[in-house]
Amino acid sequence: FAQQNYKEPRDPTGKIACANCHLAGKEIDVRLPQEVLPDTIFKATIEIPAKYNKRYQPVADGSKATMNCGAIAIMPQGWKLAPKDRLPKALKKEMKGLAWAPYSKEKPNIVVAGPVPGERYETMTLPILSPDPNTSKDIDFGKELFYFGGNRGRGQVYPEGNQSNNNQFFAKETGTITAVDGLKVSIQKEDGSTFEQEVLPGAQIVVEAGEQVKKDDPITTNPNVGGFGQAEKEVVLQDMNRVYAYCAISFSIFLSQLSFVLKKKQFEKVQLAEGF
């Protein structure tokens with residue numbers, strides 16, 4: 001849905017578009033190396049934890065099913081999904097057949113995966129190819145920001161704005177419950193008129209005839225067991241010339257300190273020999 005409705009998946013406030021439909025918040029964990037070299041393949045590990053084998057969500061007809069999960073990675077310009085022909089065998093095995101795809105033709109630095117079975121892909125592996133500033137004038141060495149989003153389960157709102165059945169429903173009027181007929185709840189208002197409220201299949205109605213309710217009181221359980229989470233990580237695109245320079249400076253400092261210590265020891269021996 002996000003790919004169809006949002007040209008930019010991350011808005012200026014930092015919120016990723018998936019959060020507009022998946023309203024519940026659930027944490028994700030992302031692991032990346034602190035620094036990488038140019039034109040190098042490395043992996044990002046995205047964990048989307050949940051009790052997939054125990055918790056079930058309602059599907060469109062109200063029946064229960066296992067949760068799927070999905071993820072999005074927003075990388076800096078120039079960074080992209082590693083090509084398949086360059087993937088090491090160990091990394092291919094770790095991916096477990098997971099397919100990542102560009103968010104759009106215009107955004108190869110943004111990739112998505114899913115929905116896929118959550119029990120198998122609770123931990124997702126994303127292979128990333130770092131750019132080479134030596135061949136790309138628009139790329140610089142230094143620190144870069146990566147943004148990740150991970151979701152488990154169905155959303156609460158469709159892009160058109162209407163609710164899904166993966167929601168808890170609340171009384172729209174204050175009054176007395178007069179009848180519960182299937183998915184319809186009848187509420188007699190204070191003026192004597194009757195208001196009929198229909199809920200969607202999936203949640204369990206928790207009110208009975210004769211109960212008093214106020215507007216916005218819950219009348220069903222909350223069937224949602226999923227949620228969406230975001231994470232932000234930093235990676236340094238390292239220049240080997242800087243590493244060599246650092247090593248050279250460190251070695252020169254070591255030599256100067258060593259020579260100072262040796263000179264001091266020599267001076268102390270001279271003083272002892274002269275009787276000082």
# chains A, B, ... in the order shown; residues from 1 in each chain; ligands from 1
>>> residues_around(residues="A:Ile48", least_positions_apart="4", cutoff="10 Å", atoms="only C-alpha atoms", output="NGL selection string")
:A and (26-30 or 69-71 or 118 or 121-124 or 149-152 or 227-229)
>>> write_last_selection(atoms="C-alpha atoms", output="CSV table (one decimal), in the first residue's frame")
chain,number,residue,atom,x,y,z
A,26,LYS,CA,6.2,-2.6,18.5
A,27,GLU,CA,10.0,-2.4,18.7
A,28,ILE,CA,12.4,-3.8,16.2
A,29,ASP,CA,16.1,-4.4,16.5
A,30,VAL,CA,18.6,-3.6,13.8
A,69,CYS,CA,5.9,-9.6,8.7
A,70,GLY,CA,7.6,-7.1,6.4
A,71,ALA,CA,10.4,-4.6,6.5
A,118,GLY,CA,6.6,-14.2,10.4
A,121,TYR,CA,11.4,-14.6,8.8
A,122,GLU,CA,11.3,-13.1,12.3
A,123,THR,CA,15.0,-12.2,11.6
A,124,MET,CA,15.6,-10.7,8.2
A,149,GLY,CA,10.9,-0.1,9.6
A,150,GLY,CA,9.5,-3.5,10.5
A,151,ASN,CA,5.9,-4.6,10.8
A,152,ARG,CA,4.2,-7.7,12.0
A,227,GLY,CA,2.5,-3.5,15.3
A,228,PHE,CA,5.1,-1.4,13.5
A,229,GLY,CA,8.5,-0.2,14.7
>>> closest_atom_pairs(of="stretch 111-187 of chain A", to="stretch 51-66 of chain A", cutoff="8 Å", atoms="only C-alpha atoms", output="Markdown table")
| residue | atom | partner | partner_atom | distance |
| --- | --- | --- | --- | --- |
| A:Pro117 | CA | A:Thr66 | CA | 7.8 |
| A:Gly118 | CA | A:Tyr52 | CA | 6.1 |
| A:Glu119 | CA | A:Tyr52 | CA | 5.3 |
| A:Gly153 | CA | A:Gln57 | CA | 7.0 |
| A:Arg154 | CA | A:Gln57 | CA | 7.7 |
| A:Ser164 | CA | A:Ala60 | CA | 7.9 |
| A:Asn165 | CA | A:Ala60 | CA | 6.7 |
| A:Asn166 | CA | A:Pro58 | CA | 6.2 |
>>> residues_around(residues="stretch 128-142 of chain A", least_positions_apart="3", cutoff="8 Å", atoms="only C-alpha atoms", output="list in words")
Val36, Leu37, Pro38, Asp39, Thr40, Ile41, Phe42, Lys43, Ala44, Gln77, Gly78, Trp79, Lys80, Leu81, Ala82, Pro83, Val236, Leu237, Gln238 and Asp239 of chain A
>>> select_by_dssp(residues="stretch 224-269 of chain A", states="strand (DSSP E or B)", output="ChimeraX atom specification")
/A:227-237
>>> closest_residue(among="A:Leu87, A:Val235, A:Ala50, A:Gly155", to="A:Pro33", atoms="only C-alpha atoms")
A:Val235
>>> atom_distance(atom1="atom CA of A:Phe251", atom2="atom CA of A:Gln266")
22.3 Å
>>> select_by_dssp(residues="stretch 41-209 of chain A", states="alpha helix (DSSP H)", output="list in words")
Lys89, Ala90, Leu91, Lys92, Lys93, Glu94 and Met95 of chain A
>>> residues_around(residues="stretch 220-226 of chain A", least_positions_apart="6", cutoff="6 Å", atoms="only C-alpha atoms", output="ChimeraX atom specification")
/A:152-153,166-169,203-206
>>> residues_around(residues="A:Ala179", least_positions_apart="2", cutoff="9 Å", atoms="only C-alpha atoms", output="PyMOL selection string")
chain A and resi 177+181+184-187+208-210
>>> atom_distance(atom1="atom CA of A:Ala73", atom2="atom CA of A:Gly114")
12.1 Å
>>> closest_residue(among="A:Gly202, A:Pro102, A:Pro127, A:Gly175", to="A:Asp216", atoms="only C-alpha atoms")
A:Gly175
